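Below is target.cif, which holds mmCIF, C-alpha atoms and all ligand atoms.
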```
data_target
#
loop_
_atom_site.group_PDB
_atom_site.id
_atom_site.type_symbol
_atom_site.label_atom_id
_atom_site.label_comp_id
_atom_site.auth_asym_id
_atom_site.auth_seq_id
_atom_site.Cartn_x
_atom_site.Cartn_y
_atom_site.Cartn_z
ATOM 1 C CA MET A 47 -19.934 -9.335 14.689
ATOM 2 C CA ALA A 48 -22.578 -11.848 15.670
ATOM 3 C CA SER A 49 -20.769 -12.692 18.923
ATOM 4 C CA LEU A 50 -20.434 -8.966 19.759
ATOM 5 C CA ARG A 51 -24.139 -8.471 19.271
ATOM 6 C CA ARG A 52 -24.928 -11.420 21.509
ATOM 7 C CA THR A 53 -22.565 -10.284 24.246
ATOM 8 C CA CYS A 54 -23.635 -6.657 24.296
ATOM 9 C CA GLY A 55 -27.208 -6.791 23.106
ATOM 10 C CA TRP A 56 -26.526 -4.360 20.268
ATOM 11 C CA ARG A 57 -29.496 -3.507 18.079
ATOM 12 C CA PRO A 58 -29.000 -3.250 14.291
ATOM 13 C CA THR A 59 -30.990 -0.046 13.786
ATOM 14 C CA LEU A 60 -28.775 2.458 11.928
ATOM 15 C CA THR A 61 -27.762 2.328 8.291
ATOM 16 C CA ASN A 62 -24.050 2.449 7.537
ATOM 17 C CA PRO A 63 -23.348 5.811 5.791
ATOM 18 C CA LEU A 64 -20.201 4.399 4.222
ATOM 19 C CA PRO A 65 -20.177 2.887 0.716
ATOM 20 C CA ASP A 66 -21.199 -0.798 0.639
ATOM 21 C CA GLY A 67 -21.524 -0.942 4.405
ATOM 22 C CA GLU A 68 -23.674 -3.515 6.090
ATOM 23 C CA PRO A 69 -26.181 -2.330 8.718
ATOM 24 C CA LEU A 70 -24.463 -0.956 11.798
ATOM 25 C CA PRO A 71 -25.255 -2.083 15.331
ATOM 26 C CA SER A 72 -26.280 0.344 18.069
ATOM 27 C CA PRO A 73 -24.777 0.498 21.554
ATOM 28 C CA PRO A 74 -26.486 -1.177 24.509
ATOM 29 C CA VAL A 75 -29.833 0.264 25.525
ATOM 30 C CA GLY A 76 -29.489 2.719 28.398
ATOM 31 C CA SER A 77 -25.830 3.541 27.775
ATOM 32 C CA ASP A 78 -24.564 6.963 26.656
ATOM 33 C CA PRO A 79 -23.270 6.377 23.123
ATOM 34 C CA PHE A 80 -21.473 9.769 23.149
ATOM 35 C CA ARG A 81 -19.769 9.486 26.527
ATOM 36 C CA PRO A 82 -16.347 11.188 26.316
ATOM 37 C CA SER A 83 -13.411 8.761 26.316
ATOM 38 C CA GLY A 84 -9.751 8.641 27.377
ATOM 39 C CA HIS A 85 -8.857 10.186 24.009
ATOM 40 C CA THR A 86 -11.316 13.023 24.707
ATOM 41 C CA GLY A 87 -9.758 13.668 28.121
ATOM 42 C CA LEU A 88 -6.266 13.883 26.684
ATOM 43 C CA LEU A 89 -7.446 16.348 24.043
ATOM 44 C CA LEU A 90 -9.088 18.478 26.755
ATOM 45 C CA SER A 91 -5.803 18.519 28.698
ATOM 46 C CA ALA A 92 -3.937 19.693 25.606
ATOM 47 C CA LEU A 93 -6.452 22.474 24.956
ATOM 48 C CA ARG A 94 -6.092 23.672 28.542
ATOM 49 C CA ARG A 95 -2.309 23.578 28.496
ATOM 50 C CA PHE A 96 -1.484 24.694 24.976
ATOM 51 C CA GLY A 97 -4.630 26.249 23.482
ATOM 52 C CA GLY A 98 -4.509 29.522 25.387
ATOM 53 C CA THR A 99 -2.413 31.508 22.919
ATOM 54 C CA ALA A 100 -4.641 30.897 19.878
ATOM 55 C CA PRO A 101 -6.860 33.758 18.621
ATOM 56 C CA LYS A 102 -10.336 33.600 20.122
ATOM 57 C CA ARG A 103 -12.877 34.321 17.408
ATOM 58 C CA SER A 104 -13.896 30.942 16.035
ATOM 59 C CA GLY A 105 -13.283 27.280 16.744
ATOM 60 C CA LEU A 106 -14.303 24.021 15.102
ATOM 61 C CA ASP A 107 -14.635 20.570 16.638
ATOM 62 C CA MET A 108 -14.558 18.031 13.812
ATOM 63 C CA GLY A 109 -16.484 14.919 14.901
ATOM 64 C CA VAL A 110 -18.070 16.722 17.816
ATOM 65 C CA GLY A 111 -19.728 13.726 19.544
ATOM 66 C CA SER A 112 -20.923 14.754 23.019
ATOM 67 C CA GLY A 113 -19.733 18.355 22.549
ATOM 68 C CA ALA A 114 -17.289 18.101 25.495
ATOM 69 C CA VAL A 115 -14.331 19.296 23.426
ATOM 70 C CA LEU A 116 -16.375 22.021 21.757
ATOM 71 C CA GLY A 117 -17.329 23.307 25.198
ATOM 72 C CA MET A 118 -13.637 23.654 26.085
ATOM 73 C CA LEU A 119 -12.522 25.645 23.048
ATOM 74 C CA GLY A 120 -13.099 28.970 24.775
ATOM 75 C CA VAL A 121 -13.785 30.985 21.612
ATOM 76 C CA GLU A 122 -16.624 33.330 20.572
ATOM 77 C CA ARG A 123 -18.151 31.200 17.802
ATOM 78 C CA LEU A 124 -18.296 27.432 18.267
ATOM 79 C CA TYR A 125 -18.707 25.192 15.222
ATOM 80 C CA GLY A 126 -19.336 21.466 15.546
ATOM 81 C CA VAL A 127 -19.488 18.981 12.673
ATOM 82 C CA ASP A 128 -20.630 15.377 12.903
ATOM 83 C CA ILE A 129 -21.879 12.741 10.490
ATOM 84 C CA ASP A 130 -24.314 11.444 13.107
ATOM 85 C CA PRO A 131 -27.469 13.518 13.752
ATOM 86 C CA GLU A 132 -27.803 11.926 17.197
ATOM 87 C CA ALA A 133 -24.336 13.192 18.110
ATOM 88 C CA LEU A 134 -25.380 16.714 17.129
ATOM 89 C CA ALA A 135 -28.471 16.371 19.317
ATOM 90 C CA ALA A 136 -26.225 15.320 22.234
ATOM 91 C CA THR A 137 -23.959 18.312 21.598
ATOM 92 C CA ALA A 138 -26.955 20.667 21.462
ATOM 93 C CA ASP A 139 -28.067 19.325 24.855
ATOM 94 C CA LEU A 140 -24.641 19.844 26.391
ATOM 95 C CA MET A 141 -24.313 23.354 24.934
ATOM 96 C CA ALA A 142 -27.686 24.238 26.500
ATOM 97 C CA GLN A 143 -26.615 22.756 29.860
ATOM 98 C CA ILE A 144 -23.381 24.763 29.996
ATOM 99 C CA GLY A 145 -24.867 28.008 28.664
ATOM 100 C CA LEU A 146 -23.163 28.006 25.259
ATOM 101 C CA ALA A 147 -26.163 27.298 23.003
ATOM 102 C CA ASP A 148 -26.232 30.857 21.612
ATOM 103 C CA ARG A 149 -22.633 30.590 20.474
ATOM 104 C CA ALA A 150 -22.855 27.147 18.862
ATOM 105 C CA ASP A 151 -23.399 26.375 15.174
ATOM 106 C CA LEU A 152 -23.810 22.629 14.645
ATOM 107 C CA ARG A 153 -23.543 21.168 11.153
ATOM 108 C CA LEU A 154 -24.469 17.713 9.888
ATOM 109 C CA GLY A 155 -22.220 16.062 7.311
ATOM 110 C CA SER A 156 -18.925 14.331 6.626
ATOM 111 C CA LEU A 157 -15.601 15.991 7.425
ATOM 112 C CA TRP A 158 -15.079 19.318 5.601
ATOM 113 C CA GLU A 159 -18.239 19.200 3.499
ATOM 114 C CA PRO A 160 -20.446 21.215 5.943
ATOM 115 C CA VAL A 161 -17.772 23.934 6.386
ATOM 116 C CA LEU A 162 -16.437 23.937 2.828
ATOM 117 C CA HIS A 163 -15.158 27.512 2.583
ATOM 118 C CA GLU A 164 -14.732 28.418 6.247
ATOM 119 C CA ARG A 165 -11.572 29.036 8.265
ATOM 120 C CA PHE A 166 -11.167 28.847 12.035
ATOM 121 C CA ASP A 167 -8.746 30.168 14.661
ATOM 122 C CA ILE A 168 -8.624 26.819 16.388
ATOM 123 C CA ILE A 169 -9.631 23.345 15.226
ATOM 124 C CA ALA A 170 -9.881 20.293 17.468
ATOM 125 C CA SER A 171 -10.599 16.758 16.370
ATOM 126 C CA ASN A 172 -10.823 13.313 17.853
ATOM 127 C CA LEU A 173 -11.888 11.453 14.734
ATOM 128 C CA PRO A 174 -12.551 7.692 14.442
ATOM 129 C CA GLN A 175 -9.110 6.064 14.045
ATOM 130 C CA PHE A 176 -9.336 2.545 15.387
ATOM 131 C CA ALA A 177 -7.902 0.014 12.938
ATOM 132 C CA ALA A 178 -10.867 -2.273 12.316
ATOM 133 C CA THR A 179 -13.025 -3.133 9.345
ATOM 134 C CA GLU A 180 -16.281 -2.984 11.281
ATOM 135 C CA PRO A 181 -17.553 -0.832 14.169
ATOM 136 C CA ALA A 182 -15.572 -2.106 17.145
ATOM 137 C CA ASP A 183 -16.549 -0.009 20.142
ATOM 138 C CA PRO A 184 -19.219 -1.758 22.225
ATOM 139 C CA GLU A 185 -19.862 1.297 24.401
ATOM 140 C CA HIS A 186 -20.267 4.062 21.847
ATOM 141 C CA SER A 187 -22.190 4.958 18.709
ATOM 142 C CA PRO A 188 -21.297 2.864 15.651
ATOM 143 C CA TYR A 189 -19.649 5.927 14.076
ATOM 144 C CA TRP A 190 -17.372 6.491 17.074
ATOM 145 C CA SER A 191 -14.097 4.762 16.314
ATOM 146 C CA PHE A 192 -14.392 2.881 13.027
ATOM 147 C CA GLY A 193 -11.251 3.855 11.109
ATOM 148 C CA GLY A 194 -10.914 1.115 8.474
ATOM 149 C CA ALA A 195 -8.146 -1.504 8.203
ATOM 150 C CA ASP A 196 -5.274 0.884 8.931
ATOM 151 C CA GLY A 197 -7.244 3.397 11.027
ATOM 152 C CA ARG A 198 -6.666 6.221 8.538
ATOM 153 C CA ARG A 199 -10.027 6.207 6.744
ATOM 154 C CA PHE A 200 -11.039 9.637 8.070
ATOM 155 C CA MET A 201 -7.658 10.892 9.269
ATOM 156 C CA ASP A 202 -6.204 11.182 5.778
ATOM 157 C CA PRO A 203 -8.976 13.278 4.174
ATOM 158 C CA PHE A 204 -9.143 15.376 7.343
ATOM 159 C CA LEU A 205 -5.410 16.129 7.192
ATOM 160 C CA ALA A 206 -5.507 16.726 3.440
ATOM 161 C CA GLY A 207 -8.184 19.415 3.855
ATOM 162 C CA LEU A 208 -6.983 20.970 7.108
ATOM 163 C CA HIS A 209 -4.787 23.679 5.592
ATOM 164 C CA ASP A 210 -7.714 25.242 3.723
ATOM 165 C CA HIS A 211 -9.551 25.819 7.026
ATOM 166 C CA LEU A 212 -6.723 27.470 8.986
ATOM 167 C CA ASN A 213 -5.441 31.051 8.958
ATOM 168 C CA GLU A 214 -1.733 31.868 9.254
ATOM 169 C CA THR A 215 -2.075 32.255 13.050
ATOM 170 C CA SER A 216 -4.439 29.287 13.579
ATOM 171 C CA VAL A 217 -3.686 26.063 15.363
ATOM 172 C CA ALA A 218 -5.193 22.566 15.392
ATOM 173 C CA PHE A 219 -5.041 19.940 18.130
ATOM 174 C CA ILE A 220 -5.876 16.375 17.177
ATOM 175 C CA THR A 221 -5.827 12.933 18.731
ATOM 176 C CA HIS A 222 -3.600 10.554 16.754
ATOM 177 C CA ASN A 223 -3.156 6.892 17.597
ATOM 178 C CA ARG A 224 0.583 6.276 17.405
ATOM 179 C CA PHE A 225 0.071 3.136 15.307
ATOM 180 C CA LEU A 226 -1.210 5.361 12.470
ATOM 181 C CA GLY A 227 2.419 6.339 11.871
ATOM 182 C CA MET A 228 3.824 9.840 12.258
ATOM 183 C CA GLU A 229 5.761 9.597 9.002
ATOM 184 C CA ARG A 230 2.643 9.351 6.887
ATOM 185 C CA THR A 231 0.884 12.088 8.841
ATOM 186 C CA GLU A 232 3.869 14.435 8.565
ATOM 187 C CA ALA A 233 4.200 13.740 4.855
ATOM 188 C CA LEU A 234 0.520 14.562 4.265
ATOM 189 C CA LEU A 235 0.810 17.777 6.269
ATOM 190 C CA ARG A 236 4.020 18.818 4.479
ATOM 191 C CA GLU A 237 2.213 18.626 1.139
ATOM 192 C CA THR A 238 -0.075 21.463 2.217
ATOM 193 C CA GLY A 239 2.471 23.553 4.148
ATOM 194 C CA LEU A 240 1.589 22.395 7.662
ATOM 195 C CA GLU A 241 3.763 20.905 10.403
ATOM 196 C CA ALA A 242 2.986 18.906 13.553
ATOM 197 C CA ARG A 243 4.552 18.351 16.952
ATOM 198 C CA GLU A 244 3.509 15.938 19.670
ATOM 199 C CA VAL A 245 2.517 17.840 22.812
ATOM 200 C CA LEU A 246 1.060 15.023 24.954
ATOM 201 C CA SER A 247 0.636 11.280 24.867
ATOM 202 C CA ALA A 248 -0.939 8.575 27.015
ATOM 203 C CA ALA A 249 -1.706 4.873 26.958
ATOM 204 C CA VAL A 250 -5.477 4.285 26.845
ATOM 205 C CA LEU A 251 -6.918 0.914 27.840
ATOM 206 C CA LEU A 252 -8.800 -0.909 25.087
ATOM 207 C CA HIS A 253 -12.126 -2.534 25.898
ATOM 208 C CA PRO A 254 -11.524 -6.284 25.367
ATOM 209 C CA LEU A 255 -14.272 -6.541 22.734
ATOM 210 C CA LYS A 256 -12.688 -3.652 20.856
ATOM 211 C CA ALA A 257 -9.202 -5.135 21.201
ATOM 212 C CA ALA A 258 -10.510 -8.364 19.680
ATOM 213 C CA LEU A 259 -11.359 -6.468 16.473
ATOM 214 C CA LEU A 260 -8.027 -4.653 16.116
ATOM 215 C CA HIS A 261 -6.690 -5.399 12.639
ATOM 216 C CA PRO A 262 -4.017 -8.129 12.951
ATOM 217 C CA ASP A 263 -1.563 -6.327 10.635
ATOM 218 C CA VAL A 264 -1.659 -3.247 12.844
ATOM 219 C CA ARG A 265 -1.260 -5.321 16.018
ATOM 220 C CA ALA A 266 1.785 -7.060 14.504
ATOM 221 C CA GLN A 267 3.417 -3.853 13.257
ATOM 222 C CA ALA A 268 2.728 -1.707 16.310
ATOM 223 C CA GLN A 269 3.312 -4.218 19.125
ATOM 224 C CA GLY A 270 5.292 -2.516 21.867
ATOM 225 C CA VAL A 271 5.150 0.855 20.109
ATOM 226 C CA GLY A 272 1.586 1.999 19.464
ATOM 227 C CA ILE A 273 -0.040 -1.080 20.993
ATOM 228 C CA ILE A 274 1.018 -2.205 24.448
ATOM 229 C CA ARG A 275 0.001 -5.607 25.810
ATOM 230 C CA LEU A 276 0.278 -6.611 29.467
ATOM 231 C CA GLY A 277 -1.165 -10.055 30.032
ATOM 232 C CA PRO A 278 -4.887 -9.769 29.244
ATOM 233 C CA TYR A 279 -4.769 -5.954 29.024
ATOM 234 C CA GLU A 280 -4.128 -4.083 25.822
ATOM 235 C CA PHE A 281 -3.512 -0.353 25.527
ATOM 236 C CA VAL A 282 -3.359 1.987 22.586
ATOM 237 C CA ASP A 283 -0.826 4.804 22.742
ATOM 238 C CA VAL A 284 -2.496 8.060 21.742
ATOM 239 C CA GLN A 285 -0.683 11.265 20.864
ATOM 240 C CA ILE A 286 -1.984 14.816 20.799
ATOM 241 C CA LEU A 287 -0.561 16.643 17.811
ATOM 242 C CA GLU A 288 -0.422 20.410 17.599
ATOM 243 C CA ILE A 289 -0.567 21.400 13.927
ATOM 244 C CA ARG A 290 0.252 24.833 12.504
ATOM 245 C CA PRO A 291 1.168 26.437 9.187
ATOM 246 C CA ARG A 292 4.883 25.738 8.722
ATOM 247 C CA GLY A 293 7.068 28.373 10.362
ATOM 248 C CA SER A 294 4.210 30.081 12.211
ATOM 249 C CA ALA A 295 4.989 28.725 15.731
HETATM 250 C C1 LIG A 301 -14.094 9.288 18.684
HETATM 251 S S1 LIG A 301 -15.605 10.150 18.553
HETATM 252 C C2 LIG A 301 -15.130 11.713 19.311
HETATM 253 C C3 LIG A 301 -16.281 12.529 19.834
HETATM 254 C C4 LIG A 301 -15.885 13.751 20.647
HETATM 255 N N1 LIG A 301 -15.222 14.750 19.811
HETATM 256 C C5 LIG A 301 -15.002 13.361 21.783
HETATM 257 O O1 LIG A 301 -13.795 13.604 21.713
HETATM 258 O O2 LIG A 301 -15.500 12.805 22.768
HETATM 259 C C6 LIG A 301 -15.649 10.517 16.828
HETATM 260 C C7 LIG A 301 -16.826 11.335 16.377
HETATM 261 O O3 LIG A 301 -16.661 11.575 14.972
HETATM 262 C C8 LIG A 301 -17.906 11.405 14.322
HETATM 263 N N2 LIG A 301 -17.655 11.057 12.913
HETATM 264 C C9 LIG A 301 -17.424 9.835 12.391
HETATM 265 N N3 LIG A 301 -17.212 9.925 11.069
HETATM 266 C C10 LIG A 301 -17.322 11.238 10.746
HETATM 267 C C11 LIG A 301 -17.210 11.965 9.534
HETATM 268 N N4 LIG A 301 -16.941 11.357 8.373
HETATM 269 N N5 LIG A 301 -17.383 13.310 9.578
HETATM 270 C C12 LIG A 301 -17.660 13.945 10.732
HETATM 271 N N6 LIG A 301 -17.780 13.299 11.924
HETATM 272 C C13 LIG A 301 -17.597 11.969 11.931
HETATM 273 C C14 LIG A 301 -18.614 10.322 15.125
HETATM 274 O O4 LIG A 301 -20.016 10.364 14.934
HETATM 275 C C15 LIG A 301 -18.182 10.671 16.551
HETATM 276 O O5 LIG A 301 -19.075 11.576 17.134
#
```
Starting from the file, give its structure as structure tokens.
Amino acid sequence: MASLRRTCGWRPTLTNPLPDGEPLPSPPVGSDPFRPSGHTGLLLSALRRFGGTAPKRSGLDMGVGSGAVLGMLGVERLYGVDIDPEALAATADLMAQIGLADRADLRLGSLWEPVLHERFDIIASNLPQFAATEPADPEHSPYWSFGGADGRRFMDPFLAGLHDHLNETSVAFITHNRFLGMERTEALLRETGLEAREVLSAAVLLHPLKAALLHPDVRAQAQGVGIIRLGPYEFVDVQILEIRPRGSA
């Protein structure tokens, strides 16, 4: 961590919200810590191509970040959840810029807690899912991509709770790093009566400082499958999963 801080000039200003976490660094001064990423772009493409048939009353973006995905949901009521108050401020700014502020309801908290008993027609999420034991993304907020040793720290509780926030005709679109393992994701979804299909995928270049913090077990297991190395360049293969109640497609 020390070498990352030196290289990027990160400032240790935020407190880690996770149990027993050490203080988290902040991104470089002057950067946009909520700038949409390659994962975000792929999710936007999926919403444009496959999101059109979903009912249009309400939509949730879980881990709303900049608000770019929320702005693309195209529904009447827009709900955004994030654990980071600064992310919600960024989303509020974007909603105002694109004329959607009146339709947006932004909630602070972790995963399902701020929307405990609510259901949505469409849910999108691009949750942190990088396999690292410390914040690894030098260009974004410290909450951006930190997914724990196997990358599933937030994915698993998100998937476990998803069913209770969908109606029979609802749909969810999520980013899912292939190294997370489809088998585990499908098994978790099956337990609550949901099913997933991959609708898009792309290889996204890893920042070298981020690649350096990829958990070695994941790199070893996923080499050539979810992690692609070409000389000094390393890519992560990201899928977009469309998730629905089983049999509703
Ligand atoms: C990879 S970024 C995606 C942001 C945005 N949706 C996008 O696609 O550009 C993940 C977002 O999830 C938020 N986040 C991290 N942990 C969270 C949690 N436990 N509950 C809700 N949001 C969380 C982060 O603050 C960050 O804004």
*Find, counting only C-alpha atoms and all ligand atoms, the residue in A:Gly87, A:Pro131, A:Gly109, A:Gly98 that gets nearest to ligand LIG 301 (chain A).*
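Closest residue, counting only C-alpha atoms and all ligand atoms: A:Gly109.
The closest residue to Ser171 (chain A), picked from A:Ala268, A:Ala218, A:Leu93, A:Leu119 and counting only C-alpha atoms, is A:Ala218.
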*Counting all atoms listed in the file, the residue of A:Ile286, A:Leu140, A:Ala206, A:Ile129 that sits nearest ligand LIG 301 (chain A)*: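 Of the candidates, the smallest distance to ligand LIG 301 (chain A) is held by A:Ile129.
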*Residues at most 7 Å from ligand LIG 301 (chain A), using all atoms listed in the file? Could they come as a count of residues only?*
32
*Using only C-alpha atoms, determine which residues lie at most 10 Å from Gly293 (chain A), disregarding the query and same-chain residues fewer than 2 positions distant; provide the list as a list of chain:residue names.*
A:Glu214, A:Gly239, A:Leu240, A:Glu241, A:Arg290, A:Pro291, A:Ala295
*Please evaluate the PyMOL selection byres (((chain A and resi 207) around 10) and not hetatm) against the displayed coordinates and give the resulting residues as a ChimeraX atom specification.*
/A:157-158,162,202-206,208-212,234-235,238
Show which residues sit within 6 Å of Ala178 (chain A), as a compact mmCIF listing (two decimals) with C-alpha atoms, in the coordinates of the input. Count all atoms listed in the file, and ignore same-chain residues fewer than 4 positions away.
```
# COMPACT_ATOMS: atom_id res chain seq x y z
CA GLY A 194 -10.91 1.12 8.47
CA ALA A 195 -8.15 -1.50 8.20
CA LEU A 259 -11.36 -6.47 16.47
CA LEU A 260 -8.03 -4.65 16.12
CA HIS A 261 -6.69 -5.40 12.64
```
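Shortest atom-to-atom contact with Ile220 (chain A) among A:Arg123, A:Arg199, A:Arg243, A:Arg236: A:Arg243, counting all atoms listed in the file.
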Once you've located region 105-173 of chain A in the structure I gave, write it as a compact mmCIF listing (two decimals), in the first residue's frame, keeping C-alpha atoms.
```
# COMPACT_ATOMS: atom_id res chain seq x y z
CA GLY A 105 -35.48 1.28 -11.33
CA LEU A 106 -32.64 0.85 -8.87
CA ASP A 107 -28.91 1.29 -9.42
CA MET A 108 -27.10 -0.53 -6.61
CA GLY A 109 -23.71 1.14 -6.05
CA VAL A 110 -24.69 4.18 -8.06
CA GLY A 111 -21.28 5.93 -8.20
CA SER A 112 -21.41 8.77 -10.75
CA GLY A 113 -25.08 8.11 -11.56
CA ALA A 114 -24.30 7.33 -15.23
CA VAL A 115 -26.12 4.00 -15.14
CA LEU A 116 -29.03 5.44 -13.17
CA GLY A 117 -29.43 8.09 -15.85
CA MET A 118 -29.78 5.37 -18.49
CA LEU A 119 -32.49 3.30 -16.80
CA GLY A 120 -35.28 5.17 -18.56
CA VAL A 121 -37.93 4.61 -15.87
CA GLU A 122 -40.27 6.98 -13.98
CA ARG A 123 -38.75 6.65 -10.50
CA LEU A 124 -34.98 6.36 -10.18
CA TYR A 125 -33.48 4.92 -6.99
CA GLY A 126 -29.75 5.00 -6.32
CA VAL A 127 -27.99 3.37 -3.37
CA ASP A 128 -24.37 3.87 -2.38
CA ILE A 129 -22.29 3.38 0.75
CA ASP A 130 -20.28 6.51 -0.06
CA PRO A 131 -21.95 9.89 0.59
CA GLU A 132 -19.59 11.53 -1.90
CA ALA A 133 -20.82 9.16 -4.61
CA LEU A 134 -24.40 10.19 -3.87
CA ALA A 135 -23.37 13.85 -4.14
CA ALA A 136 -21.81 13.09 -7.56
CA THR A 137 -25.00 11.33 -8.65
CA ALA A 138 -27.14 14.25 -7.46
CA ASP A 139 -24.98 16.58 -9.57
CA LEU A 140 -25.34 14.42 -12.66
CA MET A 141 -29.11 14.03 -12.19
CA ALA A 142 -29.40 17.84 -12.01
CA GLN A 143 -27.25 18.24 -15.15
CA ILE A 144 -29.36 15.84 -17.20
CA GLY A 145 -32.73 17.04 -15.89
CA LEU A 146 -33.62 13.96 -13.83
CA ALA A 147 -33.27 15.39 -10.30
CA ASP A 148 -37.04 15.39 -9.70
CA ARG A 149 -37.27 11.69 -10.46
CA ALA A 150 -34.28 10.55 -8.38
CA ASP A 151 -34.35 9.16 -4.84
CA LEU A 152 -30.81 8.65 -3.54
CA ARG A 153 -30.22 6.54 -0.45
CA LEU A 154 -27.10 6.17 1.68
CA GLY A 155 -26.23 2.74 3.05
CA SER A 156 -24.90 -0.73 2.31
CA LEU A 157 -26.54 -2.96 -0.30
CA TRP A 158 -30.22 -3.72 0.42
CA GLU A 159 -30.40 -1.98 3.80
CA PRO A 160 -31.65 1.41 2.46
CA VAL A 161 -34.36 -0.25 0.29
CA LEU A 162 -35.26 -3.07 2.66
CA HIS A 163 -38.87 -3.70 1.63
CA GLU A 164 -38.93 -2.20 -1.86
CA ARG A 165 -39.25 -3.89 -5.25
CA PHE A 166 -38.22 -2.51 -8.63
CA ASP A 167 -39.05 -3.16 -12.29
CA ILE A 168 -35.40 -3.01 -13.25
CA ILE A 169 -32.24 -3.26 -11.16
CA ALA A 170 -28.74 -2.49 -12.43
CA SER A 171 -25.52 -2.97 -10.53
CA ASN A 172 -21.82 -2.66 -11.09
CA LEU A 173 -20.67 -3.50 -7.59
```
